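Novice: One structure, pasted below without further comment.
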Amino acid sequence: MSIDSKIIARKRWQILAQVLRGNDYTNIADNSVSVRRFQSYGLLSTEPCPCPGILNESVNGSWFSYKCGDIPGFSMTIRHLGGSVSTERLLGFNNTGNVCVWPSEEVMTYYCMQHVQDFKGHRICELGGGMTCLAGVALAIHSEAQHIELTDGNEESVNNLQAIIGSNEFGETNANARLLRWGKEMPEDCLLESFDSVICADCLFFDDGREDLAKLIFNLLKRGGVALIFAPSRNKTFDKFLDIAVQLFTVEEDDQYDKYVYSLHCKLKEEMKDVYDESLHFPKMMKLTKKNSSREITPESR
């Protein structure tokens, strides 16, 4: 990680630490980091639930039952990690996904459930899903997918995902949690060209990670496979990733992918002008399709 990226990471953690303490953090925010004044579109509802009896609960976290009024029968049991922000956590591998569920993940989950039939029989990988991998878990429960790989680059997140897998029923769908980072090494052979679908929410903010992410998605997807990326424009980081993606995929960009979400977005722009910032909070969608003639690429090539 470059020096600039380390500085940005520390700024993000300063903000996240303030969020956990309930303090005002606007004085340390700038355009290079994500500001969490706005927290949710209200697409999913949660209520506390007891720790599943099958688990020996030794982790500092809280369990919630997730539901969605628009989707009959939708339900899943999710643990949110808790605890203070220690120096070790601040200086460790990107831990932002352990602090909260970001709006892009919420919207991606809702979108996937509205299009759940598109994933039936698929092998699916969620990248950078943080402590919950909400969309991946939802698909594992409700899509009749063949296999779901829930991934993040932080070990604490992956341990939590394993606990979440143990507390939900997936029917015939196989679910697995795995530590997976994008960088200079190829993914394991068992993952190469293994997935029909890749989903990813709000993972475009670091300059030195976007090209590696695009290559990883390319190598994970089967020929003809599709990746769905949800992320805010945030200081044009969405467009910077798009510029990389068009060299590897057939790319479609859409900010009106769901009429209801878009209507909420327009309403928030008018009614919460002092809180809601479109460039930081509204996730746009990018659809990447791997061409049938494509072959794997090494980290050094493009």
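Chain identifiers are assigned as A, B, and so on, following the order in which chains appear in the structure tokens; residues are numbered from 1 within each chain, and ligands are numbered from 1 in order of appearance.
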Under the rule of at most 10 Å, produce a per-residue listing of stretch 100-172 of chain A near stretch 245-268 of chain A: chain, number, name, the closest pair of atoms, and the distance in Å, as a tab-separated table, using only C-alpha atoms.
Specialist:
```
residue	atom	partner	partner_atom	distance
A:Val107	CA	A:Val261	CA	7.7
A:Tyr110	CA	A:Val261	CA	9.0
A:Tyr111	CA	A:Asp258	CA	7.2
A:Gln114	CA	A:Asp258	CA	8.9
```
Novice: Using 10 Å as the limit and counting only C-alpha atoms, can you tabulate each residue of stretch 111-218 of chain A that touches stretch 277-295 of chain A, with its shortest atom-to-atom distance in Å and the two atoms involved, as a tab-separated table?
Specialist:
```
residue	atom	partner	partner_atom	distance
A:Glu193	CA	A:Arg295	CA	8.7
A:Asp196	CA	A:Lys290	CA	9.9
A:Ser197	CA	A:Thr289	CA	9.4
A:Val198	CA	A:Leu288	CA	9.3
A:Ile199	CA	A:Lys287	CA	9.6
A:Cys200	CA	A:Met286	CA	10.0
A:Ala201	CA	A:Pro283	CA	8.5
A:Asp202	CA	A:Pro283	CA	7.9
A:Ala214	CA	A:Leu288	CA	9.6
A:Ile217	CA	A:Leu288	CA	9.1
A:Phe218	CA	A:Lys290	CA	6.8
```
Novice: Write the residues you've just listed into a file as a PDB file, in the first residue's frame, and include N, CA, C and O atoms for each of them.
Specialist:
```pdb
ATOM      1  N   GLU A 193     -11.876 -18.726 -13.367  1.00  0.00           N
ATOM      2  CA  GLU A 193     -12.986 -18.955 -14.298  1.00  0.00           C
ATOM      3  C   GLU A 193     -14.027 -19.883 -13.694  1.00  0.00           C
ATOM      4  O   GLU A 193     -14.572 -20.764 -14.362  1.00  0.00           O
ATOM      5  N   ASP A 196     -20.214 -17.806 -12.392  1.00  0.00           N
ATOM      6  CA  ASP A 196     -21.140 -17.211 -13.353  1.00  0.00           C
ATOM      7  C   ASP A 196     -21.381 -15.745 -13.028  1.00  0.00           C
ATOM      8  O   ASP A 196     -21.619 -14.934 -13.932  1.00  0.00           O
ATOM      9  N   SER A 197     -21.355 -15.414 -11.720  1.00  0.00           N
ATOM     10  CA  SER A 197     -21.668 -14.060 -11.265  1.00  0.00           C
ATOM     11  C   SER A 197     -20.698 -13.631 -10.177  1.00  0.00           C
ATOM     12  O   SER A 197     -20.352 -14.417  -9.288  1.00  0.00           O
ATOM     13  N   VAL A 198     -20.274 -12.371 -10.246  1.00  0.00           N
ATOM     14  CA  VAL A 198     -19.506 -11.735  -9.180  1.00  0.00           C
ATOM     15  C   VAL A 198     -20.253 -10.473  -8.774  1.00  0.00           C
ATOM     16  O   VAL A 198     -20.739  -9.727  -9.638  1.00  0.00           O
ATOM     17  N   ILE A 199     -20.391 -10.241  -7.475  1.00  0.00           N
ATOM     18  CA  ILE A 199     -21.038  -9.030  -6.984  1.00  0.00           C
ATOM     19  C   ILE A 199     -20.081  -8.317  -6.039  1.00  0.00           C
ATOM     20  O   ILE A 199     -19.293  -8.947  -5.335  1.00  0.00           O
ATOM     21  N   CYS A 200     -20.151  -6.988  -6.029  1.00  0.00           N
ATOM     22  CA  CYS A 200     -19.186  -6.212  -5.253  1.00  0.00           C
ATOM     23  C   CYS A 200     -19.771  -4.839  -4.962  1.00  0.00           C
ATOM     24  O   CYS A 200     -20.276  -4.170  -5.869  1.00  0.00           O
ATOM     25  N   ALA A 201     -19.711  -4.401  -3.706  1.00  0.00           N
ATOM     26  CA  ALA A 201     -20.286  -3.119  -3.304  1.00  0.00           C
ATOM     27  C   ALA A 201     -19.230  -2.223  -2.668  1.00  0.00           C
ATOM     28  O   ALA A 201     -18.541  -2.638  -1.726  1.00  0.00           O
ATOM     29  N   ASP A 202     -19.099  -1.009  -3.190  1.00  0.00           N
ATOM     30  CA  ASP A 202     -18.304   0.063  -2.586  1.00  0.00           C
ATOM     31  C   ASP A 202     -16.851  -0.341  -2.305  1.00  0.00           C
ATOM     32  O   ASP A 202     -16.355  -0.180  -1.187  1.00  0.00           O
ATOM     33  N   ALA A 214     -10.217  -5.155 -10.929  1.00  0.00           N
ATOM     34  CA  ALA A 214     -10.726  -5.472 -12.263  1.00  0.00           C
ATOM     35  C   ALA A 214     -10.126  -6.784 -12.772  1.00  0.00           C
ATOM     36  O   ALA A 214     -10.830  -7.635 -13.346  1.00  0.00           O
ATOM     37  N   ILE A 217     -11.691  -9.794 -10.857  1.00  0.00           N
ATOM     38  CA  ILE A 217     -13.031 -10.105 -11.366  1.00  0.00           C
ATOM     39  C   ILE A 217     -12.932 -10.837 -12.701  1.00  0.00           C
ATOM     40  O   ILE A 217     -13.628 -11.838 -12.934  1.00  0.00           O
ATOM     41  N   PHE A 218     -12.061 -10.354 -13.560  1.00  0.00           N
ATOM     42  CA  PHE A 218     -11.857 -10.975 -14.867  1.00  0.00           C
ATOM     43  C   PHE A 218     -11.457 -12.442 -14.716  1.00  0.00           C
ATOM     44  O   PHE A 218     -11.981 -13.321 -15.395  1.00  0.00           O
TER      45      PHE A 218
END
```
Novice: Rounded to one decimal, what separation in Å do you get between atom CA of A:Lys215 and atom CA of A:Ala145?
Specialist: 24.2 Å
Novice: Counting only C-alpha atoms, which of A:Met131, A:Cys203, A:Ile124, A:Leu150 gets nearest to A:Arg234?
Specialist: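 Closest to A:Arg234 of all the choices is A:Cys203.
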Novice: Please indicate the distance in Å from atom CA of A:Glu211 to atom CA of A:Trp182, rounded to one decimal place.
Specialist: 9.2 Å
